[in-house]
Structures are given as C-alpha cells and as structure tokens.
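> Sending over a structure as structure tokens; questions will come in a sec.
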Amino acid sequence: MIFLSAGLFFHRNLSFIITSAILKRIILLKLFLLIFSGLSFSQKIELPNIALTDIEFKIRITDYSDSLSSLPVKIISTDNKVIVQALLSKDENYFTGKLKLPNSGKYFIELNNKRFDATINVLPGILSIIPPLVAILIALIFRQVLFSLLLGIFVGTFFLYDYNPLVAFMRLVDVYVINSLIDKSHIQIIVFTLMFGGVIGLMSKSGGTTGIANLLIPLARNRKSGMLSTWLSGIIIFFDDYANTLVVGNLMRPLTDKLKISREKLAFIVDATSAPVASIFLISSWIGYEVGLIQDGFKAIGSDINAYNVFLDTIIFRFYPIAMLLFIPITILMKRDFGPMLKAERNAVINGIESKHLNSKSNDILKSTELFGNEDKAKWYNGVIPILIIVFGTIAGLIFTGVKSLEAMGIKEYSIRDIISYSDSYAALLWSSSAACVVAGVMIAFQKIMNLGEIMDAWFLGIRSMFLAVVMLTLAWAIGSITQDMKTADYIISVISDSIAPHWLPVIVFIVCAATSFSTGTSWGTMAIMMPLVIPLAFHISSINNLSQPDSYLIMVGAISSVLAGCVFGDHCSPISDTTILSSMASGCDHVAHVNTQLPYAIFVAIFCMLLGDIPTAFGFPPIMSITLIVLCLIIGVRFIGKKVEA
C-alpha cells in the first residue's frame with residue numbers, strides 16, 4: 001500500500017514536471033517567434049484611421065530590416081485584388097511613402113509576401129471642408145459664433161463616426177472638447193487668460209484704468225490736442241479692447257463735446273485704437289488667444305516651433321492695425337478729413353453736437369457696467385504698476401526659461417533671439433499675470449479703496465469677463481482637431497495648390513478673413529475658424545512649390561499675420577461687431593452714423609496695406625519699408641482727397 005501510494009505520488013509529480021516543461025517550451029517558442037519573426041501589425045505599420053478618396057496619405061513601416069534600401073508594399077482588397085502598390089523609401093530607421101485608396105473598407109497590407117489586416121475609413125474629399133464651411137455659414141446667418149463652432153464640430157464627428165448622430169454628439173463632448181482641455185499648453189493659455197482678466201477687473205474696479213486716462217486730460221486744450229489726447233489714451237490702455245473702448249469713450253466724451261469734436265470722430269478714434277492696439281501689443285488679453293491658435297496650428301503640421309516667437313515675428317507684418325494706429329494722428333495733425341467724416345466734423349465745428357447723439361440711448365455705459373467703479377478714487381499707478389509687472393515679469397520669465405533651456409542643452413553662446421526661441425512663454429505669462437493679481441490686490445487693500453470681499457469680487461468679475469473667450473478658444477481648438485482628423489487642409493491643397501502661387505497666399509487670406517469677420521462681427525471667432533486651415537495650407541503650398549526654408553517661413557508668417565490683421569479689419573468695419581457697438585455706445589454716437597463715417601477710412605487704409613504690405617513682403621520686400629511706404633501714401637492720400645475741417 002505504501003509502495004502504491006509512493007508510485008502514484010511519483011507518477012503525478014512526473015506528469016506535473018513534464019507538463020511544466022512543455023508549457024515553458026511553448027512560452028519560449030512564442031517569445032522567440034515574437035522577437036525574430038517581426039512585430040504585430042499595429043506596432044510595425046502606421047496608417048491613418050481616416051483617409052480621403054484619391055488623396056494621398058502617409059504609410060510608415062517601423063522596426064524592419066536595416067539591410068533593405070526600399071520596401072515594396074501592396075494594398076489588397078478582400079476579394080484578392082491589388083488596389084495599390086508602391087515602393088517605400090528608407091528614411092533613417094523606418095520606411096515611408098504615400099498611397100491612395102478609392103473606397104472605405106477592410107484591406108490587406110502585403111509586405112514581402114506577408115499579409116496584415118487593415119481597416120481604413122475613406123471619406124469623400126468634399127466632406128472634409130463641410131465642418132468649417134458649416135461653421136462659417138451658420139455664423140454668417142445667425143451671427144452666433146459659439147453655436148456655429150459647436151455645429152461645425154458636430155458635423156465633423158458625424159462624418160468621422162459612421163454617420164451616427166448619437167455617437168457623434170457623445171464624441172463631441174468626451175473626445176474633442178475634453179482633449180482640447182487636457183492639453184497642458186491649452187490649460188496654461190486658459191489660466192493666463194483668466195488671470196489677465198482678474199488683473200483687468202482689479203484695475204478697472206479700483207479706478208486704476210480711469211486714472212491712466214486722466215493723465216492725458218490736461219493736455220487737451222484745443223481740437224487737435226483733444227483728439228491727440230484721445231488717441232494717446234487709446235494707445236496707453238492697450239491691455240484690453242473692451243476696457244479701452246469703455247474707458248476712453250466715456251472719459252473723453254465730455255471734453256471732446258466742449259472742444260466741438262464730433263461724436264463720430266470720437267467713436268472712430270476709440271474704435272480704431274481698441275482692437276488694433278490690443279491685437280499687436282506684446283501683453284494684452286488677446287495674446288493668449290492668438291498664441292494658442294498659432295500653437296495648435298503648428299501642432300497640426302507636426303511642428304514644435306515656439307508659438308510665442310512666431311507671434312512676435314508676425315507683429316511687423318500686421319500692416320492694417322499698425323497703419324490704422326498711424327492714420328489717426330495723420331488726419332489729426334493735417335486737420336483734414338474726407339467723406340461722411342468731413343461732413344460730421346464740419347457740422348460739429350459750426351453747430352456743435354447733433355441732437356441725435358445727445359438723445360442716443362448709448363450714453364453713460366461705463367457707469368452702468370459692473371466691472372468699473374471708484375472713479376472718484378482713480379489713481380494712475382493702480383493701473384500702471386500691475387501692467388508693468390506683467391510686461392517686465394513676462395520679459396524676465398522669458399529670459400529665465402530661455403537661458404535655462406539653452407544651458408540644459410549645453411549651449412553657452414546665444415543671442416536674445418535664441419533665448420526667446422527656447423523660452424517657455426506660457427510659464428512666463430502665468431507667473432507675471434499671477435504676480436500682477438497679487439500686487440494689484442495688495443495695493444488696493446493698503447489704500448483702503450476696497451475691502452477684501454470687494455477685492456475678491458472685482459477679481460472674480462474680471463475672470464468672468466474672460467469666460468466667453470475661454471469657451472470660444474476651447475471650441476476653436478476642438479474644430480481645429482476636427483479639421484486635422486478629416487484632412488481638411490489636404491483636400492484644400494489638392495484642389496487649389498496648382499492654382500495659387502504661395503506668394504499670393506497672404507493677401508488672399510487677408511481678404512477672406514476680412515470678409516468673414518465683417519459678416520460675422522467677430523474677429524476672435526474668425527480666427528478660430530481660419531487659423532487651423534491657414535497654417536497647414538501655407539505649409540503644404542510652400543512644400544509643393546519647393547520653397548526654401550526661409551521663404552517657406554516668410555509665407556507662413558505672412559499668412560498667419562494676414563489672419564490676425566484681416567480679422568481686425570473686418571471686425572473694425574462690421575456694424576454688428578461688439579467693439580463697433582461698444583465704441584458708438586461709449587462715445588454716445590449714433591451707431592449708424594459711426595459705421596457710415598468709419599467704413600471709408602477703414603477701406604482706404606486696408607487697400608494700401610494689401611497693395612504695399614501683404615503682396616510685396618511675400619516676395620521678400622522688407623516689412624519696415626512697406627510700413628514706411630504705406631504711411632507716405634496715407635499722407636499723400638489724405639492731402640489730396642481730404643479737405644480742411646475748419647476751412
């Protein structure tokens with residue numbers, strides 16, 4: 001019995017040992033096959049999930065034999081027909097090439113007689129332009145940018161997810177909106193935008209913004225100095241277009257009325273300094289929005305270029321905002337106007353301010369706006385010091401992060417340009433805006449202008465004023481992702497790349513953005529729609545035409561600056577623009593009169609900007625020379641077209 005039990009025990013253990021040995025060999029054999037027979041399809045072959053009909057897409061083969069100089073590839077249908085075959089070229093340690101597919105479906109990828117499964121969703125190319133087109137058309141019809149962006153995103157997800165509306169709605173929320181928010185650079189831009197709004201809230205509610213403008217009132221002694229003081233006030237309050245419009249219009253209106261400056265001219269100066277100065281200044285509520293759109297556009301083409309550096313490069317190419325800011329003092333110093341503005345100015349000089357303006361409902365908007373207050377305690381340094389902290393804090397942050405990055409790479413000799421290129425602009429903006437909030441709050445508390453509760457309320461009101469910008473920016477990023485996933489730029493390029501020379505792209509972009517912004521009444525919404533299309537378009541058109549790297553970058557900067565400048569021009573002219581409406585209200589000017597007198601001036605300046613700025617600089621003409629020529633032509637034009645107001 002004992003021997004029988006021992007035999008059974010030995011037999012069971014022997015069976016266990018043999019089974020374990022077999023299992024180990026099977027596992028080792030599988031590992032051997034996995035390592036030496038090649039990796040799985042998903043690890044070796046990179047294909048897009050979405051392709052467009054008869055539009056080339058990239059295929060990339062990694063982890064393949066280094067002994068090959070090229071690699072043949074075939075795409076075979078399920079009925080064993082060869083749909084596409086090509087020879088992939090070697091690039092470093094991988095093979096790459098471009099292929100086309102006629103239809104959606106399941107295919108086999110054949111590499112050296114080995115087949116792998118692949119499913120690619122092939123969409124008709126025309127569908128790729130529908131999401132941004134829907135966004136533009138709905139914005140034109142209903143003048144609701146948020147709704148138009150949401151609908152454009154939904155249309156894109158509808159196409160991407162098998163035309164299922166329920167799934168499309170869910171993917172809109174849990175994929176595209178959420179992915180727009182979880183990106184670190186996006187969050188940094190959002191936080192900076194909110195912090196900057198907090199600074200504006202503290203400055204405005206404590207009377208600091210009004211204090212800045214009060215500095216210039218003693219300079220206004222006659223019509224010329226009164227208009228120049230208004231213009232300088234608009235330049236000084238550069239940090240936000242809304243604050244600029246509301247403060248300058250309401251502050252200067254009693255003074256300009258006394259000096260017999262027409263409400264139309266006041267509204268024009270206010271409107272022509274608000275968005276133009278905020279859009280090009282290094283520190284403003286616009287910068288986070290603009291840099292964010294530029295950054296997202298470069299991500300779409302796989303570039304890690306510093307967006308803030310590109311933003312700085314575009315400033316000198318934004319001819320319309322620069323020219324408009326210079327056009328105002330030209331008309332003031334020459335004491336000449338033309339068109340409806342000449343009639344309005346002469347009427348004000350002879351008869352004073354018209355009753356249609358005095359009885360306008362758009363008076364005293366500043367006093368009814370909860371963001372402003374404490375005008376009786378207005379002190380200029382409560383506005384200047386927080387702004388200086390943001391300006392110099394950002395510069396210091398750029399230098400600190402840039403030098404740290406260069407030292408980490410072992411670079412010891414570098415220029416200011418190198419420092420800016422390798423700096424962390426988002427971190428610098430976050431540090432400076434947060435510090436400005438703290439300093440502004442402490443200053444207000446020590447002066448006993450507001451108590452702690454009122455300070456926090458003012459800070460929150462400023463943040464709340466930026467909420468619309470944050471929502472719009474989030475949706476802009478989302479529709480940018482849609483256009484990237486649907487290969488919108490690839491389709492547009494395939495259609496127009498042969499018909500548009502790259503050097504004409506900046507002026508065409510300016511016209512398209514101006515028309516869209518004029519029709520929708522929003523510059524920010526137009527930027528959100530156009531920037532994700534323009535950056536890839538400029539990149540690919542330059543590549544197709546084999547432009548050198550400097551020329552390609554020149555076209556890219558020109559196209560980006562045309563988006564930003566064209567949107568400002570259209571927004572400036574539009575009768576439904578928020579800044580146009582606010583300018584007429586804050587200035588106490590009849591809205592229709594403001595639009596009618598401003599429009600000829602805006603078009604006059606824009607024509608010279610396109611002819612002498614956007615077109616020649618795309619061919620390499622120095623932008624500073626273009627600005628000089630534009631200013632000279634504006635002076636000559638005003639001299640011959642304009643007439644003396646006080647004649």
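We name chains A, B, ... following the order of the structure tokens; residues begin at 1 in each chain, and ligands are numbered from 1 as shown.
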For Val563 in chain A, find every residue with an atom within 8 Å (counting only C-alpha atoms), except residues of its own chain fewer than 3 positions away, and show them as a PDB file with N, CA and C atoms, in the first residue's frame.

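Wrote around_30.pdb, looks like this:
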```pdb
ATOM      1  N   VAL A 509      -5.623  85.399 -47.999  1.00  0.00           N
ATOM      2  CA  VAL A 509      -6.064  85.098 -46.634  1.00  0.00           C
ATOM      3  C   VAL A 509      -6.614  86.359 -45.972  1.00  0.00           C
ATOM      4  N   PHE A 510      -5.953  87.489 -46.177  1.00  0.00           N
ATOM      5  CA  PHE A 510      -6.421  88.755 -45.596  1.00  0.00           C
ATOM      6  C   PHE A 510      -7.836  89.076 -46.065  1.00  0.00           C
ATOM      7  N   CYS A 513     -10.453  86.468 -44.604  1.00  0.00           N
ATOM      8  CA  CYS A 513     -10.676  86.691 -43.170  1.00  0.00           C
ATOM      9  C   CYS A 513     -11.414  87.999 -42.919  1.00  0.00           C
ATOM     10  N   MET A 527     -10.822  84.038 -36.350  1.00  0.00           N
ATOM     11  CA  MET A 527      -9.506  83.437 -36.107  1.00  0.00           C
ATOM     12  C   MET A 527      -9.639  81.954 -35.779  1.00  0.00           C
ATOM     13  N   MET A 530     -10.441  80.083 -39.075  1.00  0.00           N
ATOM     14  CA  MET A 530      -9.482  80.158 -40.182  1.00  0.00           C
ATOM     15  C   MET A 530      -8.082  79.675 -39.841  1.00  0.00           C
ATOM     16  N   MET A 531      -7.634  79.889 -38.607  1.00  0.00           N
ATOM     17  CA  MET A 531      -6.243  79.549 -38.279  1.00  0.00           C
ATOM     18  C   MET A 531      -5.910  78.069 -38.477  1.00  0.00           C
ATOM     19  N   VAL A 534      -5.403  77.754 -42.292  1.00  0.00           N
ATOM     20  CA  VAL A 534      -4.397  78.566 -42.978  1.00  0.00           C
ATOM     21  C   VAL A 534      -2.981  78.053 -42.730  1.00  0.00           C
ATOM     22  N   ALA A 559       1.000  84.579 -43.853  1.00  0.00           N
ATOM     23  CA  ALA A 559      -0.362  84.045 -43.823  1.00  0.00           C
ATOM     24  C   ALA A 559      -0.970  84.179 -42.426  1.00  0.00           C
ATOM     25  N   ILE A 560      -0.190  83.875 -41.392  1.00  0.00           N
ATOM     26  CA  ILE A 560      -0.691  83.989 -40.014  1.00  0.00           C
ATOM     27  C   ILE A 560      -1.016  85.442 -39.686  1.00  0.00           C
ATOM     28  N   GLY A 566      -6.454  90.638 -40.940  1.00  0.00           N
ATOM     29  CA  GLY A 566      -7.700  90.636 -41.698  1.00  0.00           C
ATOM     30  C   GLY A 566      -8.914  90.569 -40.798  1.00  0.00           C
ATOM     31  N   CYS A 567      -8.805  89.791 -39.716  1.00  0.00           N
ATOM     32  CA  CYS A 567      -9.912  89.698 -38.765  1.00  0.00           C
ATOM     33  C   CYS A 567     -10.159  91.029 -38.065  1.00  0.00           C
TER      34      CYS A 567
END
```
> Please provide the set of residues having any atom within 7 Å of range 477-490 of chain A, restricted to only C-alpha atoms, with same-chain residues fewer than 6 positions apart removed, written as a PDB file with N, CA and C atoms, in the first residue's frame.

```pdb
ATOM      1  N   ILE A  50      -8.364  57.708 -40.833  1.00  0.00           N
ATOM      2  CA  ILE A  50      -9.206  58.367 -41.830  1.00  0.00           C
ATOM      3  C   ILE A  50      -8.346  58.744 -43.032  1.00  0.00           C
ATOM      4  N   SER A 128     -14.653  66.834 -46.129  1.00  0.00           N
ATOM      5  CA  SER A 128     -13.671  67.366 -45.180  1.00  0.00           C
ATOM      6  C   SER A 128     -13.781  68.875 -45.001  1.00  0.00           C
ATOM      7  N   ILE A 129     -14.339  69.571 -46.001  1.00  0.00           N
ATOM      8  CA  ILE A 129     -14.458  71.038 -45.873  1.00  0.00           C
ATOM      9  C   ILE A 129     -15.819  71.453 -45.314  1.00  0.00           C
ATOM     10  N   LEU A 149     -19.616  77.174 -34.110  1.00  0.00           N
ATOM     11  CA  LEU A 149     -18.482  76.300 -33.837  1.00  0.00           C
ATOM     12  C   LEU A 149     -18.952  74.929 -33.347  1.00  0.00           C
ATOM     13  N   GLY A 152     -20.336  73.023 -36.273  1.00  0.00           N
ATOM     14  CA  GLY A 152     -19.251  72.560 -37.134  1.00  0.00           C
ATOM     15  C   GLY A 152     -18.548  71.337 -36.564  1.00  0.00           C
ATOM     16  N   ILE A 153     -18.307  71.336 -35.243  1.00  0.00           N
ATOM     17  CA  ILE A 153     -17.678  70.179 -34.592  1.00  0.00           C
ATOM     18  C   ILE A 153     -18.585  68.961 -34.697  1.00  0.00           C
ATOM     19  N   GLY A 156     -18.509  67.377 -38.072  1.00  0.00           N
ATOM     20  CA  GLY A 156     -17.272  66.613 -38.239  1.00  0.00           C
ATOM     21  C   GLY A 156     -17.334  65.260 -37.559  1.00  0.00           C
ATOM     22  N   TYR A 176     -13.492  65.470 -28.312  1.00  0.00           N
ATOM     23  CA  TYR A 176     -12.906  66.690 -28.868  1.00  0.00           C
ATOM     24  C   TYR A 176     -12.867  67.846 -27.869  1.00  0.00           C
ATOM     25  N   VAL A 177     -13.941  68.063 -27.127  1.00  0.00           N
ATOM     26  CA  VAL A 177     -13.917  69.133 -26.128  1.00  0.00           C
ATOM     27  C   VAL A 177     -12.955  68.791 -24.997  1.00  0.00           C
ATOM     28  N   SER A 180      -9.349  68.996 -25.951  1.00  0.00           N
ATOM     29  CA  SER A 180      -8.912  70.390 -26.065  1.00  0.00           C
ATOM     30  C   SER A 180      -8.523  70.963 -24.709  1.00  0.00           C
ATOM     31  N   ASP A 296      -1.676  75.628 -31.814  1.00  0.00           N
ATOM     32  CA  ASP A 296      -2.480  74.494 -32.268  1.00  0.00           C
ATOM     33  C   ASP A 296      -2.304  74.270 -33.765  1.00  0.00           C
ATOM     34  N   ALA A 300      -0.762  70.826 -35.778  1.00  0.00           N
ATOM     35  CA  ALA A 300      -1.449  70.135 -36.868  1.00  0.00           C
ATOM     36  C   ALA A 300      -0.489  69.713 -37.970  1.00  0.00           C
ATOM     37  N   PRO A 532      -6.808  77.118 -38.062  1.00  0.00           N
ATOM     38  CA  PRO A 532      -6.474  75.707 -38.288  1.00  0.00           C
ATOM     39  C   PRO A 532      -6.383  75.324 -39.754  1.00  0.00           C
ATOM     40  N   LEU A 533      -6.972  76.133 -40.635  1.00  0.00           N
ATOM     41  CA  LEU A 533      -6.895  75.856 -42.067  1.00  0.00           C
ATOM     42  C   LEU A 533      -5.696  76.527 -42.719  1.00  0.00           C
ATOM     43  N   PRO A 536      -1.745  74.882 -41.964  1.00  0.00           N
ATOM     44  CA  PRO A 536      -1.407  73.724 -42.805  1.00  0.00           C
ATOM     45  C   PRO A 536      -1.388  74.060 -44.297  1.00  0.00           C
ATOM     46  N   LEU A 537      -2.301  74.942 -44.720  1.00  0.00           N
ATOM     47  CA  LEU A 537      -2.344  75.324 -46.133  1.00  0.00           C
ATOM     48  C   LEU A 537      -1.050  76.010 -46.550  1.00  0.00           C
TER      49      LEU A 537
END
```
> Hey, what's within 7 Å of Gly292 in chain A if we count only C-alpha atoms and toss same-chain stuff fewer than 3 positions away? As a ChimeraX atom specification, please?
/A:186,189,288-289,295-296
> Between CA of Val631 in chain A and CA of Asp271 in chain A, what is the spacing in Å?
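Value for the CA of Asp271 in chain A-CA of Val631 in chain A distance: 19.7 Å.
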> At what distance in Å, to one decimal, does CA of Ile237 in chain A lie from CA of Val391 in chain A?
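A separation of 13.4 Å between them.
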> Quick one: everything within 10 Å of range 434-447 of chain A, counting only C-alpha atoms, minus sequence neighbours fewer than 4 positions away in the same chain. Send it as a ChimeraX atom specification.
/A:191-192,194-203,205-208,377,381-391,393,429-430,451-452,454-456,458-459
> Next, dump the selected residues to file, keeping only C-alpha atoms, as a PDB file, in the first residue's frame.

```
ATOM      1  CA  VAL A 191      -5.269  80.074 -16.875  1.00  0.00           C
ATOM      2  CA  PHE A 192      -3.264  83.033 -18.217  1.00  0.00           C
ATOM      3  CA  LEU A 194      -8.368  84.137 -16.709  1.00  0.00           C
ATOM      4  CA  MET A 195      -5.574  85.653 -14.597  1.00  0.00           C
ATOM      5  CA  PHE A 196      -5.245  88.549 -17.014  1.00  0.00           C
ATOM      6  CA  GLY A 197      -8.984  89.086 -16.756  1.00  0.00           C
ATOM      7  CA  GLY A 198      -8.572  89.181 -12.977  1.00  0.00           C
ATOM      8  CA  VAL A 199      -5.932  91.907 -13.320  1.00  0.00           C
ATOM      9  CA  ILE A 200      -8.234  93.948 -15.572  1.00  0.00           C
ATOM     10  CA  GLY A 201     -11.062  93.520 -13.062  1.00  0.00           C
ATOM     11  CA  LEU A 202      -8.920  94.783 -10.164  1.00  0.00           C
ATOM     12  CA  MET A 203      -7.550  97.706 -12.180  1.00  0.00           C
ATOM     13  CA  LYS A 205     -12.946  98.386 -10.311  1.00  0.00           C
ATOM     14  CA  SER A 206     -10.361 100.277  -8.239  1.00  0.00           C
ATOM     15  CA  GLY A 207     -10.303 103.196 -10.702  1.00  0.00           C
ATOM     16  CA  GLY A 208      -6.771 102.460 -11.916  1.00  0.00           C
ATOM     17  CA  LYS A 377     -10.525 107.396  -6.181  1.00  0.00           C
ATOM     18  CA  TYR A 381      -0.367 103.951 -10.515  1.00  0.00           C
ATOM     19  CA  ASN A 382      -3.101 101.446  -9.608  1.00  0.00           C
ATOM     20  CA  GLY A 383      -3.323 100.749 -13.327  1.00  0.00           C
ATOM     21  CA  VAL A 384       0.271 101.271 -14.402  1.00  0.00           C
ATOM     22  CA  ILE A 385       2.042  99.130 -11.784  1.00  0.00           C
ATOM     23  CA  PRO A 386       0.113  95.865 -12.465  1.00  0.00           C
ATOM     24  CA  ILE A 387       0.660  96.319 -16.194  1.00  0.00           C
ATOM     25  CA  LEU A 388       4.383  96.950 -15.695  1.00  0.00           C
ATOM     26  CA  ILE A 389       4.595  93.800 -13.579  1.00  0.00           C
ATOM     27  CA  ILE A 390       3.041  91.802 -16.415  1.00  0.00           C
ATOM     28  CA  VAL A 391       5.314  93.390 -19.036  1.00  0.00           C
ATOM     29  CA  GLY A 393       7.616  89.923 -15.415  1.00  0.00           C
ATOM     30  CA  LEU A 429       2.866  84.705 -18.824  1.00  0.00           C
ATOM     31  CA  LEU A 430       1.409  82.655 -15.974  1.00  0.00           C
ATOM     32  CA  ASN A 451     -12.171  95.734   1.414  1.00  0.00           C
ATOM     33  CA  LEU A 452     -11.089  92.115   0.987  1.00  0.00           C
ATOM     34  CA  GLU A 454     -14.813  93.661  -2.715  1.00  0.00           C
ATOM     35  CA  ILE A 455     -11.300  92.891  -3.974  1.00  0.00           C
ATOM     36  CA  MET A 456     -12.176  89.225  -4.457  1.00  0.00           C
ATOM     37  CA  ALA A 458     -13.616  92.520  -8.553  1.00  0.00           C
ATOM     38  CA  TRP A 459     -11.031  89.825  -9.302  1.00  0.00           C
TER      39      TRP A 459
END
```
> So that I can see what lies close to Glu110 in chain A, please list as a short mmCIF file (atom, residue, chain, number, x, y, z; two decimals) with N, CA and C atoms, in the first residue's frame the residues with an atom at most 12 Å from it, counting only C-alpha atoms and leaving out residues fewer than 4 positions away in the same chain.

```
data_model
loop_
_atom_site.label_atom_id
_atom_site.label_comp_id
_atom_site.auth_asym_id
_atom_site.auth_seq_id
_atom_site.Cartn_x
_atom_site.Cartn_y
_atom_site.Cartn_z
N PHE A 41 1.07 43.85 -36.48
CA PHE A 41 0.71 44.87 -37.46
C PHE A 41 0.64 46.27 -36.85
N ILE A 45 3.23 48.91 -38.64
CA ILE A 45 2.68 49.70 -39.73
C ILE A 45 1.82 50.83 -39.17
N ILE A 61 6.46 52.29 -42.05
CA ILE A 61 6.81 50.96 -41.57
C ILE A 61 8.03 51.09 -40.66
N LEU A 71 11.27 49.27 -49.73
CA LEU A 71 10.37 48.21 -49.30
C LEU A 71 9.10 48.24 -50.15
N PRO A 72 8.82 47.16 -50.91
CA PRO A 72 7.58 47.11 -51.70
C PRO A 72 6.38 46.86 -50.79
N VAL A 73 5.29 47.54 -51.07
CA VAL A 73 4.07 47.37 -50.29
C VAL A 73 2.88 47.31 -51.24
N LYS A 74 1.91 46.46 -50.89
CA LYS A 74 0.69 46.33 -51.66
C LYS A 74 -0.51 46.44 -50.73
N ILE A 75 -1.57 47.07 -51.21
CA ILE A 75 -2.84 47.07 -50.50
C ILE A 75 -3.81 46.24 -51.34
N ILE A 76 -4.32 45.16 -50.74
CA ILE A 76 -5.13 44.18 -51.45
C ILE A 76 -6.52 44.15 -50.85
N SER A 77 -7.54 44.10 -51.70
CA SER A 77 -8.93 44.04 -51.24
C SER A 77 -9.26 42.65 -50.72
N ASN A 80 -9.14 39.77 -53.06
CA ASN A 80 -7.80 39.43 -53.54
C ASN A 80 -7.36 40.26 -54.76
N LYS A 81 -7.89 41.50 -54.91
CA LYS A 81 -7.44 42.38 -55.98
C LYS A 81 -6.44 43.39 -55.43
N VAL A 82 -5.38 43.64 -56.20
CA VAL A 82 -4.38 44.63 -55.79
C VAL A 82 -4.94 46.02 -56.08
N ILE A 83 -5.17 46.78 -55.02
CA ILE A 83 -5.73 48.12 -55.16
C ILE A 83 -4.63 49.15 -55.39
N VAL A 84 -3.57 49.05 -54.60
CA VAL A 84 -2.45 49.99 -54.67
C VAL A 84 -1.17 49.22 -54.45
N GLN A 85 -0.14 49.58 -55.16
CA GLN A 85 1.19 49.06 -54.86
C GLN A 85 2.21 50.18 -55.04
N ALA A 86 3.18 50.18 -54.18
CA ALA A 86 4.17 51.26 -54.19
C ALA A 86 5.47 50.75 -53.60
N LEU A 87 6.51 51.55 -53.76
CA LEU A 87 7.82 51.24 -53.21
C LEU A 87 8.15 52.29 -52.16
N LYS A 114 3.95 38.79 -46.90
CA LYS A 114 3.25 38.62 -45.61
C LYS A 114 2.11 39.63 -45.55
N ARG A 115 0.94 39.14 -45.16
CA ARG A 115 -0.26 39.97 -45.15
C ARG A 115 -0.68 40.33 -43.73
N PHE A 116 -1.16 41.57 -43.59
CA PHE A 116 -1.69 42.06 -42.32
C PHE A 116 -3.05 42.70 -42.58
N ASP A 117 -3.96 42.56 -41.63
CA ASP A 117 -5.28 43.18 -41.76
C ASP A 117 -5.20 44.68 -41.52
N ALA A 118 -6.05 45.43 -42.23
CA ALA A 118 -6.13 46.88 -42.03
C ALA A 118 -7.52 47.36 -42.40
#
```
> With only C-alpha atoms as the counted atoms, please give the residues lying no more than 10 Å from range 600-617 of chain A, apart from itself and same-chain residues fewer than 3 positions off, as a PyMOL selection string.
chain A and resi 268+272+317-324+327-328+337-341+503-511+514+554-555+558-559+561-562+565-566+569-570+572-573+595-597+620-631+633-634+637-638
> Rounded to one decimal, what separation in Å do you get between CA of Ile635 in chain A and CA of Ile332 in chain A?
11.3 Å
> Distance table requested - range 495-608 of chain A against range 344-351 of chain A, cut-off 12 Å, only C-alpha atoms: one row per qualifying residue with the closest atom pair and its distance in Å to one decimal, ordered by chain and rising residue number, as JSON lines.

```
{"residue": "A:Cys589", "atom": "CA", "partner": "A:Ala344", "partner_atom": "CA", "distance": 11.3}
{"residue": "A:Asp590", "atom": "CA", "partner": "A:Ala344", "partner_atom": "CA", "distance": 11.7}
{"residue": "A:Ala593", "atom": "CA", "partner": "A:Ala344", "partner_atom": "CA", "distance": 8.9}
{"residue": "A:His594", "atom": "CA", "partner": "A:Ala344", "partner_atom": "CA", "distance": 10.1}
{"residue": "A:Asn596", "atom": "CA", "partner": "A:Ala344", "partner_atom": "CA", "distance": 10.5}
{"residue": "A:Thr597", "atom": "CA", "partner": "A:Ala344", "partner_atom": "CA", "distance": 8.1}
{"residue": "A:Gln598", "atom": "CA", "partner": "A:Ala344", "partner_atom": "CA", "distance": 11.2}
```
> Where in range 334-559 of chain A does DSSP assign helix (DSSP H, G or I), given as a PyMOL selection string?
chain A and resi 334+340-351+355-358+366-368+375-377+381-408+416-421+425-446+452-465+467-485+488-496+502-520+523-544+549-559
> Go through A:Gly234, A:Gly642, A:Pro132, A:Pro48 one by one, measure the shortest atom-to-atom distance of each to Ile212 in chain A using only C-alpha atoms, and give the residue with the smallest value.
A:Gly234
> Env of Thr579 in chain A: 10 Å cut, atoms = only C-alpha atoms, seq-sep filter 3 positions within chain, self excluded. Answer as an MDAnalysis selection string.
chainID A and resid 241:242 244:246 270:272 274:275 521:523 571:576 582:585
